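Structure, as structure tokens:
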Amino acid sequence: MAIDLNNAGQVVGDSFKGDFVRPTLWKDGHIRDLGTLDGPSGSASSINEAGQIVGGRKLRGPEGGTRATLWEGGGIRDLPTLGGRSGWANDINDVGQVVGHSWLPGDMDRHATLWEGTQPTDLGSLDGTSSNAAGINNLGQIVGSASTRREAFHAVMWHRGTIIDLNGFLDESRHKAGWRLTAAQEINDAGWIVGVAENLFTVENRAFLLSPVPEPAAWLLLLAGIVAVAAARLAASCVSTFCDVSGVSHSPADRKSASQAGATAAPAPCEAPVSCARAAPQQRDATEMFVGLAPVRARPGEPIPALGRAPRPLLLLLLLAASCWCTTSTAGGRLPSVTFLPQLPGTDESVALGINNAGWVVGESWSGGSFPSDGYATLWNAGTPTQLSRMDSTGRDINDAGQIVGEEGPYPTVWHGSKKTRLQSPSDDTSTARDISNTGKVVGYTWIGYVMRATLWDDRGPRVLGTLGGSFAEATAINEAGQVVGSSSLPDGTTAAALWDGNSVTELGTLGGGGGRANDINDVGQVVGESWLAGNMVHHAALWIDGVAADLGSLDGGSSVAYAINNTGQVLGISSTELDGWHAVTWHRGALIDLNQFLDESLRDAGWRLEFARDINDSGWIVGSAENRFTSETRAFLLSPVPEPATWALFAAGLGAAFAARRPAVRPTRGR
């Protein structure tokens, strides 16, 4: 029986082996018994995008009982209980948080349980008796059921430490007609909940959908306050000081007193003319992250350093024109642009996974209604899509020589022009290729039995890399120096970020939590990935420099992951948001930027969101995937950065300034 699947088309569930039920994974057309340690049977309940699987297994022995179980990278690990003998895991999100239930000491009651790392947390119940957690989304919102003293089980939600009875949202007329929401089964990243309702009078069952009401956006209130303050200051600047054609400043008070007294004294020179119609600074700030500008801003009323001599009117006009051209060509007029890549004929969905420095993009295309694993490896060159292989193939990365690495069915494959090469697997099982260097070295992983092992393919053939003392390892990226990064299990089963350099493997540090993963390494040796924070409640994108981990943060304090880093140090990945799931982001010069701000408003209104940012080249071109929250469609996108201002314009402005500095000064004279 199939129970759950992820976006890679991997399916988990149960199959019978003799008289026993066995936890089962279906992947790439193969069926695999996940194993139950020493137990006779078990079941797989859920699988996330990283391939982590949860469920439970039956214990051997006369006392019986069950254990919540995590299968990861070919290994099996029991999750601890809340003190009782038994437990079960029902769901796992992409952050690695697991929910289910566990019996309390004495085995009289069971409570909904959240596992983060190896730490179980009692989620409680409505009246202190039984509860069960059935689903968790990527924001950490949990749904399930909890018993009541009067009406058995009610559908509930756990959110920010609070348990909420969902029957509080049921219309009163339905309450009076006998309906109760008895169990909440699943919740998506937008907070939509599905489950079962039961009628106490007729014993009917009905499926229900609960749609959330968005919370008031606190950032909108903050933005409104900032706009109000800025508007007030701008208005004050515009009315408090102005300049006449002679370059002299006057305040309203100066003009009034001068008029009353018939004063003839010259006003003060105009040191800080204020423009009341400038480009929005927010747009300029976002643009600077991509084009590397660092303009000097003058505050209203703050003197601007003078050249010492005033330019003639014509030169002033030319300088102003050049200055305005430079400003409007970047901050004011041309933000980074987002393009949905054209679809391969016969397909309507796609994802972009890699880009080289020539702007060639690789990924996968498929038809709506089919699984992405049924798609076609795709190359986009100058915007034109080309099918690389038959169905059930993926292009994962492309180097500057145009060599593309990915899979065709269960075989790791390299495409170069019209040539296709299947890489030899170091075992009889399947392999996956993840990255390729400019010299043609490939890294990925190979299944050896039930264990995943990091693998390097070079001119000597396939080579299995060592681990950090545990059973499994996975290689995700390689740089031009031959350094490889990925993850490996430790002797205690924890997954840690790993660096392979030559014949040695090194564990990279964490951000205070229990483990992490490395996803990419640039030619400088900077590594990015993710790491758990202290307490193992949240994981953040991490940057490792010389083995020291730096926390890159997230959009709202939730979780984040860094997928790629280019040779200029620009990092990209994803970050969770409270209202809208994962957003594609970039970290640049200490700032975290939501790439959705560059998505056209009409596309946002149509339901599109840039969800995953996957790769970035040295020119700052970014590729990834966008999702439509209305139709669930997925499209590959390309984000192109803003070009820097033309050199000739800056040169002309500099010449103008130098020439103007040589002109005689024009000094205001006192009126009579």
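By order of appearance in the structure tokens: chains A, B, ..., then residues from 1 within every chain, and ligands from 1 in the order shown.
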
*Would you list the contacts of region 461-474 of chain A as a VMD selection string, taking every protein, DNA or RNA residue within 9 Å and counting only C-alpha atoms, but skipping same-chain residues closer than 6 positions in sequence?*
chain A and resid 72 to 75 423 to 426 443 to 446 451 to 455 485 to 496 498 500 503 to 507

Could you tell me, as an mmCIF file with C-alpha atoms, in the first residue's frame, which residues of region 340-379 of chain A DSSP assigns to strand (DSSP E) when given the backbone?
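Printed below is result_10.cif as written:
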```
data_model
loop_
_atom_site.group_PDB
_atom_site.id
_atom_site.type_symbol
_atom_site.label_atom_id
_atom_site.label_comp_id
_atom_site.auth_asym_id
_atom_site.auth_seq_id
_atom_site.Cartn_x
_atom_site.Cartn_y
_atom_site.Cartn_z
ATOM 1 C CA PHE A 340 9.971 32.084 -16.924
ATOM 2 C CA GLU A 349 6.043 22.369 -16.122
ATOM 3 C CA SER A 350 9.757 22.660 -15.432
ATOM 4 C CA VAL A 351 12.506 23.337 -12.914
ATOM 5 C CA ALA A 352 15.961 24.876 -13.418
ATOM 6 C CA LEU A 353 18.777 23.356 -11.349
ATOM 7 C CA GLY A 354 22.088 24.644 -12.755
ATOM 8 C CA ILE A 355 23.623 27.511 -14.756
ATOM 9 C CA VAL A 361 20.692 26.491 -17.940
ATOM 10 C CA VAL A 362 19.876 22.843 -17.194
ATOM 11 C CA GLY A 363 17.015 21.182 -15.382
ATOM 12 C CA GLU A 364 13.962 19.108 -16.101
ATOM 13 C CA SER A 365 10.649 19.482 -17.953
ATOM 14 C CA TRP A 366 7.491 17.399 -17.597
ATOM 15 C CA TYR A 376 12.999 15.016 -19.503
ATOM 16 C CA ALA A 377 16.494 16.402 -18.890
ATOM 17 C CA THR A 378 16.474 19.855 -20.501
ATOM 18 C CA LEU A 379 19.048 22.410 -21.661
#
```

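Compared by their closest atoms to His539 (chain A), and using only C-alpha atoms, the residues A:Gln185, A:Ala626, A:Val95, A:Gln570 rank with A:Val95 nearest.
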
For Ile164 (chain A), find every residue with an atom within 10 Å (counting only C-alpha atoms), except residues of its own chain fewer than 2 positions away, and show them as an mmCIF file with N, CA and C atoms, in the first residue's frame.
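Contents of out16.cif, freshly written:
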```cif
data_model
loop_
_atom_site.group_PDB
_atom_site.id
_atom_site.type_symbol
_atom_site.label_atom_id
_atom_site.label_comp_id
_atom_site.auth_asym_id
_atom_site.auth_seq_id
_atom_site.Cartn_x
_atom_site.Cartn_y
_atom_site.Cartn_z
ATOM 1 N N SER A 125 -2.715 17.872 25.263
ATOM 2 C CA SER A 125 -4.029 17.563 24.708
ATOM 3 C C SER A 125 -5.040 18.572 25.241
ATOM 4 N N LEU A 126 -6.275 18.432 24.826
ATOM 5 C CA LEU A 126 -7.289 19.426 25.211
ATOM 6 C C LEU A 126 -7.631 19.371 26.689
ATOM 7 N N VAL A 143 -1.098 19.559 12.981
ATOM 8 C CA VAL A 143 -2.517 19.237 13.121
ATOM 9 C C VAL A 143 -2.673 17.793 13.554
ATOM 10 N N ALA A 146 -7.382 15.416 19.445
ATOM 11 C CA ALA A 146 -7.228 15.314 20.898
ATOM 12 C C ALA A 146 -8.578 14.948 21.498
ATOM 13 N N HIS A 154 -11.574 15.571 19.013
ATOM 14 C CA HIS A 154 -11.787 16.786 18.243
ATOM 15 C C HIS A 154 -10.555 17.060 17.381
ATOM 16 N N ALA A 155 -10.778 17.586 16.191
ATOM 17 C CA ALA A 155 -9.660 18.028 15.350
ATOM 18 C C ALA A 155 -9.012 19.250 15.992
ATOM 19 N N VAL A 156 -7.673 19.248 16.033
ATOM 20 C CA VAL A 156 -6.951 20.335 16.699
ATOM 21 C C VAL A 156 -5.750 20.762 15.864
ATOM 22 N N MET A 157 -5.204 21.899 16.257
ATOM 23 C CA MET A 157 -3.981 22.427 15.646
ATOM 24 C C MET A 157 -3.091 22.960 16.754
ATOM 25 N N TRP A 158 -1.787 22.684 16.635
ATOM 26 C CA TRP A 158 -0.802 23.253 17.550
ATOM 27 C C TRP A 158 -0.044 24.349 16.804
ATOM 28 N N HIS A 159 -0.100 25.570 17.348
ATOM 29 C CA HIS A 159 0.521 26.708 16.667
ATOM 30 C C HIS A 159 1.126 27.634 17.708
ATOM 31 N N GLY A 161 2.982 27.101 20.252
ATOM 32 C CA GLY A 161 2.873 26.641 21.628
ATOM 33 C C GLY A 161 1.454 26.524 22.153
ATOM 34 N N THR A 162 0.465 26.768 21.314
ATOM 35 C CA THR A 162 -0.934 26.735 21.750
ATOM 36 C C THR A 162 -1.689 25.640 21.004
ATOM 37 N N LEU A 166 -10.289 23.071 16.498
ATOM 38 C CA LEU A 166 -10.768 23.590 15.218
ATOM 39 C C LEU A 166 -12.288 23.673 15.157
ATOM 40 N N ASN A 167 -12.987 23.046 16.093
ATOM 41 C CA ASN A 167 -14.437 23.155 16.108
ATOM 42 C C ASN A 167 -14.904 24.561 16.455
ATOM 43 N N GLY A 168 -14.002 25.372 16.974
ATOM 44 C CA GLY A 168 -14.346 26.768 17.225
ATOM 45 C C GLY A 168 -14.599 27.539 15.953
#
```

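Using only C-alpha atoms for every distance, the candidate list A:Ala133, A:Val54, A:Leu210, A:Leu592 yields A:Leu210 as the residue closest to Leu170 (chain A).
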
*Would you mind listing what lies within 7 Å of Arg57 (chain A) as a PyMOL selection string, with only C-alpha atoms counted and same-chain residues fewer than 6 positions away left out?*
chain A and resi 36+39+41-43+66-69

Give me, as a PDB file with C-alpha atoms, in the first residue's frame, all polymer residues having an atom no more than 9 Å from Gly502 (chain A), counting only C-alpha atoms and skipping those fewer than 3 positions away in the same chain.
```
ATOM      1  CA  GLY A 482      38.984  19.154  -6.219  1.00  0.00           C
ATOM      2  CA  GLN A 483      37.513  19.866  -2.774  1.00  0.00           C
ATOM      3  CA  VAL A 484      34.198  18.058  -2.249  1.00  0.00           C
ATOM      4  CA  VAL A 505      37.261  14.040   5.392  1.00  0.00           C
TER       5      VAL A 505
END
```

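Near region 553-562 of chain A, within 8 Å and counting only C-alpha atoms, sit Val95, Leu139, Asn519, Val528, Gly529, Glu530, Val538, His539, His540, Ala541, Ala542, Val571, Leu572, Gly573, Ile574, Ser575, Ser576, Thr577, Glu578, Leu592 and Asp594 of chain A, not including residues fewer than 5 positions from it in the same chain.
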
Could the residues in this selection be written to a file with N, CA and C atoms, as an mmCIF file, in the first residue's frame?
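Written file, out_13.cif:
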```cif
data_model
loop_
_atom_site.group_PDB
_atom_site.id
_atom_site.type_symbol
_atom_site.label_atom_id
_atom_site.label_comp_id
_atom_site.auth_asym_id
_atom_site.auth_seq_id
_atom_site.Cartn_x
_atom_site.Cartn_y
_atom_site.Cartn_z
ATOM 1 N N VAL A 95 12.099 20.415 6.938
ATOM 2 C CA VAL A 95 13.078 20.873 7.921
ATOM 3 C C VAL A 95 13.614 19.704 8.736
ATOM 4 N N LEU A 139 6.334 25.251 8.077
ATOM 5 C CA LEU A 139 6.395 26.359 9.023
ATOM 6 C C LEU A 139 6.296 25.873 10.458
ATOM 7 N N ASN A 519 26.001 22.139 0.963
ATOM 8 C CA ASN A 519 25.402 21.992 -0.363
ATOM 9 C C ASN A 519 26.275 22.485 -1.504
ATOM 10 N N VAL A 528 28.646 26.574 1.699
ATOM 11 C CA VAL A 528 27.321 26.951 2.191
ATOM 12 C C VAL A 528 26.452 25.721 2.333
ATOM 13 N N GLY A 529 25.460 25.842 3.194
ATOM 14 C CA GLY A 529 24.521 24.747 3.431
ATOM 15 C C GLY A 529 23.539 25.135 4.507
ATOM 16 N N GLU A 530 23.361 24.256 5.485
ATOM 17 C CA GLU A 530 22.424 24.526 6.572
ATOM 18 C C GLU A 530 22.924 23.861 7.844
ATOM 19 N N VAL A 538 15.157 25.038 15.059
ATOM 20 C CA VAL A 538 15.169 25.730 13.773
ATOM 21 C C VAL A 538 16.533 25.520 13.133
ATOM 22 N N HIS A 539 16.575 25.390 11.802
ATOM 23 C CA HIS A 539 17.861 25.350 11.110
ATOM 24 C C HIS A 539 17.992 26.565 10.209
ATOM 25 N N HIS A 540 19.206 27.099 10.111
ATOM 26 C CA HIS A 540 19.474 28.297 9.324
ATOM 27 C C HIS A 540 20.510 28.007 8.245
ATOM 28 N N ALA A 541 20.436 28.795 7.175
ATOM 29 C CA ALA A 541 21.486 28.767 6.171
ATOM 30 C C ALA A 541 22.812 29.115 6.828
ATOM 31 N N ALA A 542 23.871 28.409 6.436
ATOM 32 C CA ALA A 542 25.182 28.594 7.061
ATOM 33 C C ALA A 542 26.243 28.819 5.994
ATOM 34 N N VAL A 571 25.426 34.315 -2.161
ATOM 35 C CA VAL A 571 24.808 33.067 -1.726
ATOM 36 C C VAL A 571 23.322 33.110 -2.058
ATOM 37 N N LEU A 572 22.754 31.971 -2.412
ATOM 38 C CA LEU A 572 21.315 31.938 -2.611
ATOM 39 C C LEU A 572 20.735 30.651 -2.091
ATOM 40 N N GLY A 573 19.411 30.680 -1.879
ATOM 41 C CA GLY A 573 18.733 29.509 -1.351
ATOM 42 C C GLY A 573 17.279 29.811 -1.090
ATOM 43 N N ILE A 574 16.780 29.356 0.072
ATOM 44 C CA ILE A 574 15.369 29.535 0.420
ATOM 45 C C ILE A 574 15.252 29.949 1.875
ATOM 46 N N SER A 575 14.140 30.591 2.202
ATOM 47 C CA SER A 575 13.838 30.951 3.581
ATOM 48 C C SER A 575 12.339 30.838 3.782
ATOM 49 N N SER A 576 11.927 30.339 4.934
ATOM 50 C CA SER A 576 10.500 30.173 5.203
ATOM 51 C C SER A 576 9.881 31.498 5.623
ATOM 52 N N THR A 577 8.592 31.639 5.309
ATOM 53 C CA THR A 577 7.817 32.793 5.752
ATOM 54 C C THR A 577 6.576 32.280 6.460
ATOM 55 N N GLU A 578 6.009 33.094 7.355
ATOM 56 C CA GLU A 578 4.863 32.636 8.134
ATOM 57 C C GLU A 578 3.617 32.483 7.279
ATOM 58 N N LEU A 592 19.904 40.056 3.414
ATOM 59 C CA LEU A 592 19.051 38.969 2.938
ATOM 60 C C LEU A 592 17.948 39.575 2.084
ATOM 61 N N ASP A 594 14.626 38.951 -0.477
ATOM 62 C CA ASP A 594 13.573 38.083 -1.008
ATOM 63 C C ASP A 594 13.466 38.356 -2.505
#
```

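Using only C-alpha atoms, the nearest neighbour of Glu63 (chain A) within the list A:Gly525, A:Ile76, A:Ser86, A:Met108 is A:Ser86.
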
*Out of A:Ser619, A:Thr182, A:Arg85, A:Asp28, which residue has the shortest atom-to-atom distance to Thr432 (chain A) when counting only C-alpha atoms?*
A:Asp28

Shell of 10 Å around Ser640 (chain A), only C-alpha atoms, local chain residues under 6 positions omitted, as a short mmCIF file (atom, residue, chain, number, x, y, z; two decimals) with N, CA and C atoms, in the first residue's frame:
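And here is the file that came out, selection_29.cif:
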```cif
data_model
loop_
_atom_site.label_atom_id
_atom_site.label_comp_id
_atom_site.auth_asym_id
_atom_site.auth_seq_id
_atom_site.Cartn_x
_atom_site.Cartn_y
_atom_site.Cartn_z
N PHE A 290 22.75 43.88 -6.43
CA PHE A 290 23.06 43.13 -7.63
C PHE A 290 24.12 43.80 -8.49
N LEU A 335 15.15 47.30 -12.51
CA LEU A 335 15.40 46.35 -11.46
C LEU A 335 15.75 45.00 -12.08
N PRO A 336 16.35 44.08 -11.28
CA PRO A 336 16.59 42.73 -11.81
C PRO A 336 15.30 42.15 -12.37
N SER A 337 15.41 41.45 -13.50
CA SER A 337 14.21 40.94 -14.17
C SER A 337 14.10 39.43 -14.02
N VAL A 338 12.86 38.96 -13.87
CA VAL A 338 12.57 37.54 -13.73
C VAL A 338 11.88 37.05 -15.00
N THR A 339 12.40 35.97 -15.57
CA THR A 339 11.84 35.39 -16.79
C THR A 339 11.51 33.93 -16.54
N GLY A 359 25.68 31.35 -19.21
CA GLY A 359 24.24 31.54 -19.12
C GLY A 359 23.43 30.36 -19.59
N SER A 619 28.30 35.93 -12.72
CA SER A 619 27.74 37.21 -13.12
C SER A 619 26.48 37.56 -12.33
N GLY A 620 26.08 36.68 -11.42
CA GLY A 620 24.90 36.94 -10.59
C GLY A 620 23.59 36.48 -11.19
N TRP A 621 23.62 35.71 -12.30
CA TRP A 621 22.39 35.17 -12.89
C TRP A 621 21.92 33.99 -12.03
N ILE A 622 20.64 33.99 -11.70
CA ILE A 622 20.08 33.03 -10.75
C ILE A 622 19.00 32.19 -11.44
N VAL A 623 18.99 30.89 -11.16
CA VAL A 623 17.94 30.01 -11.67
C VAL A 623 17.29 29.26 -10.52
#
```
